[in-house]
Amino acid sequence: MAGVIRVKHMFLCSSILASNNNISKALSRLPRRGINVTAGNLSSSETKKKEKERRKRRKEIEVARETAEAVVKKEKRRTRSSREYEIGGDGEAPSSHVPVMLGEVMDVFSSVWLRSFVDCTLGAAGHSSSIIQSHSELNHFVGMDVDPVARKLAHFHIDSLMHPTLKASIVLKNFKYIKSAVADTHPELLDVGVDGILMDLGMSSMQVNNPERGFSVLQQGPLDMRMDPQASLTAEDIVNTWPESELGRILREYGEESNWHSLQTRIVKARLTGGLHSTGDLVDLIRRMSPPSRGGRQGWIKTATRVFQGLRIAVNDELKTLQNALYSSFDVLSPGGRLAVISFHSLEDRVVKQTFLDILGFQREETSTEMSVKPERQIEESIDKELKEKEAWIKQTVISSKGVILTKRPITPSEEEEKLNRRARSAKLRVIQKL
């Protein structure tokens with residue numbers, strides 16, 4: 001009996017992962033609340049061991065169902081990239097920094113006459129280097145980053161790609177100041193607009209791998225977490241001095257941590273014995289709270305990752321900064337210009353999605369009469385058809401008089417990229433074009 005159930009369980013899981021078409025069928029064959037593995041009541045001769053095995057089998061079926069439902073929801077909300085993953089232009093092994101969804105980003109700007117380009121999160125210039133190499137018409141380039149180490153590395157890469165007609169500037173500024181960055185370096189672009197803008201919201205390897213920055217849960221370092229080393233607020237300030245209610249809000253809303261209240265209480269209690277002053281102090285507190293039976297990635301590491309995420313977002317005011325940067329970026333786009341954003345967690349993606357809709361005016365749109373709506377729909381259908389005919393990666397669009405969201409559902413990395421580049425697993429790409 002046990003062998004039969006295990007085989008069925010394995011078959012269902014493999015069916016789920018094989019194709020979306022089989023998921024619904026697999027779900028329909030699973031019962032809603034476990035399975036009844038006995039023909040009648042348990043007899044007195046049945047041992048505790050058999051009962052334990054039955055409970056284990058019921059749990060396995062429930063896990064299979066939950067996995068199936070999660071896959072269904074995820075696939076419905078995204079468009080999986082079908083693009084072949086390219087590790088490097090010459091087939092070389094990947095370096096320590098591999099740009100996420102590089103091929104997909106190149107596709108976004110491939111049909112744009114790219115005379116000007118702004119990389120709002122320059123990092124090591126992985127995406128920008130490929131953009132510069134692929135667009136010989138590029139005359140104006142602006143790279144932005146708040147990290148001086150990243151700026152120095154990016155300078156090295158960009159300088160090696162300079163040509164006589166390219167004017168490049170790298171500025172040490174947060175991307176919410178994109179308008180002033182363009183005005184200070186290429187003022188002529190304020191009149192004609194920028195043809196392409198990119199935001200890669202992921203943490204760079206340089207930041208995560210440096211323990212002194214305080215971003216890693218696996219390395220001992222100060223509780224810093226500042227993207228901009230010149231900023232004043234640190235994670236240490238928050239955990240040791242901020243009000244208990246505000247600390248709880250950060251863990252709940254930004255960290256999306258279900259056990260936020262217990263963590264909030266423990267962190268505040270730690271202040272009585274000197275507080276928390278290093279990543280190790282915070283991680284040790286989290287480990288002591290995690291059940292011993294749930295070790296590794298199923299226990300304290302996942303909790304610590306969520307806590308670190310919440311603190312990092314609060315330290316850098318990431319969500320409000322992102323929203324402001326999106327509005328400013330759309331304002332400086334030229335007609336036909338595109339803004340592409342790669343996000344890495346649900347909070348970021350939600351901000352990008354909603355801000356794109358707000359930019360197009362869908363939150364304030366007034367009801368129109370049929371007479372006025374009909375020609376607008378014809379125009380929208382014409383734009384949609386033209387875009388899809390020219391560019392195969394565009395699947396579903398959202399159109400208004402101000403612009404077009406080219407990714408009604410976000411594009412996610414190919415399965416091959418997710419296997420070869422772990423940083424890409426949670427990436428989502430959304431694109432908006434100005435009309």
# chains A, B, ... in the order shown; residues from 1 in each chain; ligands from 1
$ select_by_dssp --residues "range 128-227 of chain A" --states "alpha helix (DSSP H)" --output "count of residues only"
35
$ select_by_dssp --residues "range 48-269 of chain A" --states "strand (DSSP E)" --output "JSON, numbers by chain"
{"A": [79, 80, 116, 117, 118, 119, 140, 141, 142, 143, 144, 145, 167, 168, 169, 170, 171, 172, 194, 195, 196, 197, 198, 199, 200]}
$ closest_residue --among "A:Leu189, A:Leu326, A:Leu161, A:Val98" --to "Arg338 in chain A" --atoms "only C-alpha atoms"
A:Leu326
$ residues_around --residues "Glu256 in chain A" --least-positions-apart "6" --cutoff "10 Å" --atoms "only C-alpha atoms" --output "list in words"
Arg249, Ile250, Thr303, Arg306, Val307, Gln309, Gly310, Ser346 and Leu347 of chain A
$ residues_around --residues "Thr79 in chain A" --least-positions-apart "5" --cutoff "8 Å" --atoms "only C-alpha atoms" --output "PyMOL selection string"
chain A and resi 409-412
$ write_last_selection --atoms "N, CA and C atoms" --output "compact mmCIF listing (two decimals), in the first residue's frame"
# COMPACT_ATOMS: atom_id res chain seq x y z
N ARG A 409 1.73 40.85 -18.09
CA ARG A 409 2.28 39.92 -17.11
C ARG A 409 3.80 40.01 -17.17
N PRO A 410 4.47 40.00 -16.03
CA PRO A 410 5.93 40.16 -16.06
C PRO A 410 6.61 38.98 -16.75
N ILE A 411 7.74 39.27 -17.38
CA ILE A 411 8.55 38.21 -17.99
C ILE A 411 9.51 37.69 -16.93
N THR A 412 9.62 36.38 -16.82
CA THR A 412 10.55 35.78 -15.86
C THR A 412 11.63 35.02 -16.62
$ residues_around --residues "Leu435 in chain A" --least-positions-apart "6" --cutoff "6 Å" --atoms "only C-alpha atoms" --output "VMD selection string"
chain A and resid 335 to 336 402 to 403
$ closest_residue --among "A:Thr279, A:Gln220, A:Ser204, A:Gln133" --to "Asp145 in chain A" --atoms "only C-alpha atoms"
A:Ser204
$ closest_residue --among "A:Pro413, A:Gly143, A:Gly196, A:Gly214" --to "Phe175 in chain A" --atoms "only C-alpha atoms"
A:Gly143
$ closest_residue --among "A:Val100, A:Ala304, A:Ile178, A:Cys120" --to "Glu257 in chain A" --atoms "only C-alpha atoms"
A:Ala304
$ atom_distance --atom1 "CA of Lys52 in chain A" --atom2 "CA of Ala64 in chain A"
18.6 Å
$ closest_residue --among "A:Val149, A:Met106, A:Leu357, A:Ile267" --to "Ser129 in chain A" --atoms "only C-alpha atoms"
A:Met106
$ closest_residue --among "A:Glu212, A:Ser400, A:Ile158, A:Leu406" --to "Arg377 in chain A" --atoms "only C-alpha atoms"
A:Ser400
$ residues_around --residues "His155 in chain A" --least-positions-apart "5" --cutoff "9 Å" --atoms "only C-alpha atoms" --output "ChimeraX atom specification"
/A:124-125,150,160,170
$ write_last_selection --atoms "C-alpha atoms" --output "short mmCIF file (atom, residue, chain, number, x, y, z; two decimals), in the first residue's frame"
data_model
loop_
_atom_site.label_atom_id
_atom_site.label_comp_id
_atom_site.auth_asym_id
_atom_site.auth_seq_id
_atom_site.Cartn_x
_atom_site.Cartn_y
_atom_site.Cartn_z
CA ALA A 124 29.40 46.56 -12.57
CA ALA A 125 27.92 47.79 -15.90
CA ALA A 150 30.53 49.99 -8.08
CA SER A 160 37.04 50.39 -22.49
CA ILE A 170 28.80 58.12 -14.47
#
$ residues_around --residues "range 239-244 of chain A" --least-positions-apart "2" --cutoff "8 Å" --atoms "only C-alpha atoms" --output "JSON, numbers by chain"
{"A": [235, 236, 237, 246, 247, 248, 264, 265, 267, 268, 271, 275, 276]}
$ write_last_selection --atoms "N, CA, C and O atoms" --output "short mmCIF file (atom, residue, chain, number, x, y, z; two decimals), in the first residue's frame"
data_model
loop_
_atom_site.label_atom_id
_atom_site.label_comp_id
_atom_site.auth_asym_id
_atom_site.auth_seq_id
_atom_site.Cartn_x
_atom_site.Cartn_y
_atom_site.Cartn_z
N ALA A 235 20.80 49.71 9.91
CA ALA A 235 19.93 48.68 10.50
C ALA A 235 20.15 48.60 12.01
O ALA A 235 19.21 48.30 12.76
N GLU A 236 21.36 48.86 12.47
CA GLU A 236 21.65 48.86 13.90
C GLU A 236 20.81 49.92 14.62
O GLU A 236 20.31 49.67 15.73
N ASP A 237 20.64 51.08 14.01
CA ASP A 237 19.80 52.13 14.60
C ASP A 237 18.36 51.65 14.76
O ASP A 237 17.73 51.89 15.79
N GLU A 246 6.90 50.27 15.37
CA GLU A 246 7.47 50.52 14.05
C GLU A 246 8.37 49.37 13.61
O GLU A 246 8.39 48.99 12.44
N LEU A 247 9.10 48.80 14.56
CA LEU A 247 9.93 47.63 14.26
C LEU A 247 9.05 46.47 13.80
O LEU A 247 9.38 45.78 12.83
N GLY A 248 7.92 46.27 14.49
CA GLY A 248 7.00 45.21 14.09
C GLY A 248 6.43 45.43 12.71
O GLY A 248 6.27 44.49 11.93
N GLN A 264 9.74 40.77 17.03
CA GLN A 264 9.72 42.14 17.53
C GLN A 264 9.96 42.16 19.04
O GLN A 264 10.78 42.93 19.55
N THR A 265 9.28 41.26 19.76
CA THR A 265 9.40 41.20 21.22
C THR A 265 10.82 40.82 21.63
O THR A 265 11.41 41.43 22.54
N ILE A 267 13.66 41.12 19.89
CA ILE A 267 14.63 42.15 19.52
C ILE A 267 14.60 43.29 20.54
O ILE A 267 15.65 43.79 20.98
N VAL A 268 13.40 43.71 20.92
CA VAL A 268 13.27 44.79 21.90
C VAL A 268 13.81 44.33 23.26
O VAL A 268 14.47 45.11 23.97
N ARG A 271 17.52 44.66 23.83
CA ARG A 271 18.04 45.99 24.14
C ARG A 271 18.42 46.11 25.63
O ARG A 271 19.30 46.89 25.99
N GLY A 275 21.70 45.23 23.44
CA GLY A 275 21.24 45.38 22.06
C GLY A 275 21.94 44.46 21.07
O GLY A 275 22.74 43.59 21.43
N LEU A 276 21.63 44.67 19.79
CA LEU A 276 22.18 43.88 18.69
C LEU A 276 23.05 44.81 17.84
O LEU A 276 22.57 45.85 17.38
#
$ decode --residues "range 151-194 of chain A" --atoms "N, CA and C atoms" --output "mmCIF file, in the first residue's frame"
data_model
loop_
_atom_site.group_PDB
_atom_site.id
_atom_site.type_symbol
_atom_site.label_atom_id
_atom_site.label_comp_id
_atom_site.auth_asym_id
_atom_site.auth_seq_id
_atom_site.Cartn_x
_atom_site.Cartn_y
_atom_site.Cartn_z
ATOM 1 N N ARG A 151 30.854 52.275 -8.759
ATOM 2 C CA ARG A 151 31.155 53.343 -9.725
ATOM 3 C C ARG A 151 32.566 53.183 -10.288
ATOM 4 N N LYS A 152 33.507 52.852 -9.431
ATOM 5 C CA LYS A 152 34.886 52.695 -9.869
ATOM 6 C C LYS A 152 35.025 51.523 -10.844
ATOM 7 N N LEU A 153 34.361 50.410 -10.535
ATOM 8 C CA LEU A 153 34.419 49.244 -11.412
ATOM 9 C C LEU A 153 33.723 49.520 -12.735
ATOM 10 N N ALA A 154 32.577 50.206 -12.675
ATOM 11 C CA ALA A 154 31.828 50.510 -13.892
ATOM 12 C C ALA A 154 32.633 51.430 -14.810
ATOM 13 N N HIS A 155 33.343 52.392 -14.210
ATOM 14 C CA HIS A 155 34.190 53.292 -15.002
ATOM 15 C C HIS A 155 35.174 52.498 -15.856
ATOM 16 N N PHE A 156 35.772 51.487 -15.264
ATOM 17 C CA PHE A 156 36.756 50.672 -15.976
ATOM 18 C C PHE A 156 36.121 50.012 -17.208
ATOM 19 N N HIS A 157 34.920 49.438 -17.032
ATOM 20 C CA HIS A 157 34.257 48.743 -18.142
ATOM 21 C C HIS A 157 33.770 49.712 -19.216
ATOM 22 N N ILE A 158 33.148 50.822 -18.798
ATOM 23 C CA ILE A 158 32.603 51.776 -19.766
ATOM 24 C C ILE A 158 33.721 52.463 -20.550
ATOM 25 N N ASP A 159 34.805 52.821 -19.868
ATOM 26 C CA ASP A 159 35.933 53.483 -20.548
ATOM 27 C C ASP A 159 36.506 52.617 -21.669
ATOM 28 N N SER A 160 36.483 51.300 -21.474
ATOM 29 C CA SER A 160 37.039 50.392 -22.488
ATOM 30 C C SER A 160 36.148 50.297 -23.725
ATOM 31 N N LEU A 161 34.908 50.807 -23.626
ATOM 32 C CA LEU A 161 33.963 50.710 -24.745
ATOM 33 C C LEU A 161 33.711 52.059 -25.425
ATOM 34 N N MET A 162 34.404 53.096 -24.985
ATOM 35 C CA MET A 162 34.178 54.439 -25.533
ATOM 36 C C MET A 162 34.562 54.523 -27.004
ATOM 37 N N HIS A 163 33.785 55.322 -27.768
ATOM 38 C CA HIS A 163 34.112 55.610 -29.160
ATOM 39 C C HIS A 163 33.898 57.109 -29.394
ATOM 40 N N PRO A 164 34.372 57.641 -30.494
ATOM 41 C CA PRO A 164 34.381 59.101 -30.704
ATOM 42 C C PRO A 164 33.025 59.779 -30.600
ATOM 43 N N THR A 165 31.953 59.081 -30.941
ATOM 44 C CA THR A 165 30.634 59.738 -30.943
ATOM 45 C C THR A 165 29.848 59.508 -29.650
ATOM 46 N N LEU A 166 30.421 58.804 -28.714
ATOM 47 C CA LEU A 166 29.713 58.502 -27.461
ATOM 48 C C LEU A 166 30.176 59.412 -26.332
ATOM 49 N N LYS A 167 29.235 60.095 -25.719
ATOM 50 C CA LYS A 167 29.498 60.913 -24.541
ATOM 51 C C LYS A 167 28.921 60.174 -23.328
ATOM 52 N N ALA A 168 29.781 59.732 -22.428
ATOM 53 C CA ALA A 168 29.347 58.926 -21.287
ATOM 54 C C ALA A 168 29.642 59.644 -19.976
ATOM 55 N N SER A 169 28.702 59.522 -19.024
ATOM 56 C CA SER A 169 28.866 60.117 -17.697
ATOM 57 C C SER A 169 28.405 59.112 -16.646
ATOM 58 N N ILE A 170 29.177 58.993 -15.583
ATOM 59 C CA ILE A 170 28.803 58.118 -14.467
ATOM 60 C C ILE A 170 28.712 58.980 -13.218
ATOM 61 N N VAL A 171 27.529 58.982 -12.588
ATOM 62 C CA VAL A 171 27.285 59.874 -11.459
ATOM 63 C C VAL A 171 26.959 59.077 -10.200
ATOM 64 N N LEU A 172 27.398 59.609 -9.075
ATOM 65 C CA LEU A 172 27.169 58.978 -7.780
ATOM 66 C C LEU A 172 25.894 59.563 -7.180
ATOM 67 N N LYS A 173 24.755 59.051 -7.662
ATOM 68 C CA LYS A 173 23.458 59.547 -7.206
ATOM 69 C C LYS A 173 22.436 58.425 -7.153
ATOM 70 N N ASN A 174 21.455 58.583 -6.272
ATOM 71 C CA ASN A 174 20.323 57.669 -6.228
ATOM 72 C C ASN A 174 19.459 57.885 -7.469
ATOM 73 N N PHE A 175 18.836 56.793 -7.960
ATOM 74 C CA PHE A 175 18.094 56.908 -9.217
ATOM 75 C C PHE A 175 16.826 57.767 -9.114
ATOM 76 N N LYS A 176 16.408 58.131 -7.918
ATOM 77 C CA LYS A 176 15.266 59.035 -7.821
ATOM 78 C C LYS A 176 15.635 60.446 -8.314
ATOM 79 N N TYR A 177 16.938 60.700 -8.435
ATOM 80 C CA TYR A 177 17.413 62.001 -8.932
ATOM 81 C C TYR A 177 17.785 61.925 -10.409
ATOM 82 N N ILE A 178 17.097 61.104 -11.179
ATOM 83 C CA ILE A 178 17.442 60.913 -12.588
ATOM 84 C C ILE A 178 17.322 62.221 -13.375
ATOM 85 N N LYS A 179 16.341 63.048 -13.050
ATOM 86 C CA LYS A 179 16.177 64.304 -13.788
ATOM 87 C C LYS A 179 17.377 65.227 -13.602
ATOM 88 N N SER A 180 17.822 65.356 -12.366
ATOM 89 C CA SER A 180 18.973 66.235 -12.118
ATOM 90 C C SER A 180 20.250 65.628 -12.676
ATOM 91 N N ALA A 181 20.361 64.287 -12.667
ATOM 92 C CA ALA A 181 21.545 63.635 -13.236
ATOM 93 C C ALA A 181 21.642 63.903 -14.730
ATOM 94 N N VAL A 182 20.516 63.828 -15.430
ATOM 95 C CA VAL A 182 20.493 64.112 -16.870
ATOM 96 C C VAL A 182 20.752 65.594 -17.120
ATOM 97 N N ALA A 183 20.145 66.453 -16.302
ATOM 98 C CA ALA A 183 20.319 67.903 -16.482
ATOM 99 C C ALA A 183 21.769 68.330 -16.269
ATOM 100 N N ASP A 184 22.443 67.707 -15.326
ATOM 101 C CA ASP A 184 23.826 68.080 -15.018
ATOM 102 C C ASP A 184 24.828 67.568 -16.053
ATOM 103 N N THR A 185 24.525 66.441 -16.680
ATOM 104 C CA THR A 185 25.510 65.806 -17.575
ATOM 105 C C THR A 185 25.162 65.951 -19.061
ATOM 106 N N HIS A 186 23.876 65.856 -19.390
ATOM 107 C CA HIS A 186 23.446 65.933 -20.794
ATOM 108 C C HIS A 186 22.176 66.792 -20.868
ATOM 109 N N PRO A 187 22.274 68.091 -20.602
ATOM 110 C CA PRO A 187 21.083 68.964 -20.522
ATOM 111 C C PRO A 187 20.245 68.980 -21.793
ATOM 112 N N GLU A 188 20.870 68.706 -22.925
ATOM 113 C CA GLU A 188 20.123 68.717 -24.185
ATOM 114 C C GLU A 188 19.043 67.628 -24.223
ATOM 115 N N LEU A 189 19.209 66.589 -23.400
ATOM 116 C CA LEU A 189 18.247 65.489 -23.393
ATOM 117 C C LEU A 189 16.938 65.862 -22.703
ATOM 118 N N LEU A 190 16.948 66.903 -21.906
ATOM 119 C CA LEU A 190 15.714 67.313 -21.236
ATOM 120 C C LEU A 190 14.660 67.776 -22.231
ATOM 121 N N ASP A 191 15.109 68.268 -23.394
ATOM 122 C CA ASP A 191 14.170 68.735 -24.420
ATOM 123 C C ASP A 191 13.664 67.595 -25.300
ATOM 124 N N VAL A 192 14.571 66.699 -25.709
ATOM 125 C CA VAL A 192 14.189 65.624 -26.637
ATOM 126 C C VAL A 192 13.812 64.335 -25.916
ATOM 127 N N GLY A 193 14.268 64.170 -24.683
ATOM 128 C CA GLY A 193 13.959 62.959 -23.930
ATOM 129 C C GLY A 193 15.004 61.871 -24.101
ATOM 130 N N VAL A 194 14.928 60.870 -23.233
ATOM 131 C CA VAL A 194 15.854 59.730 -23.236
ATOM 132 C C VAL A 194 15.172 58.538 -23.899
#
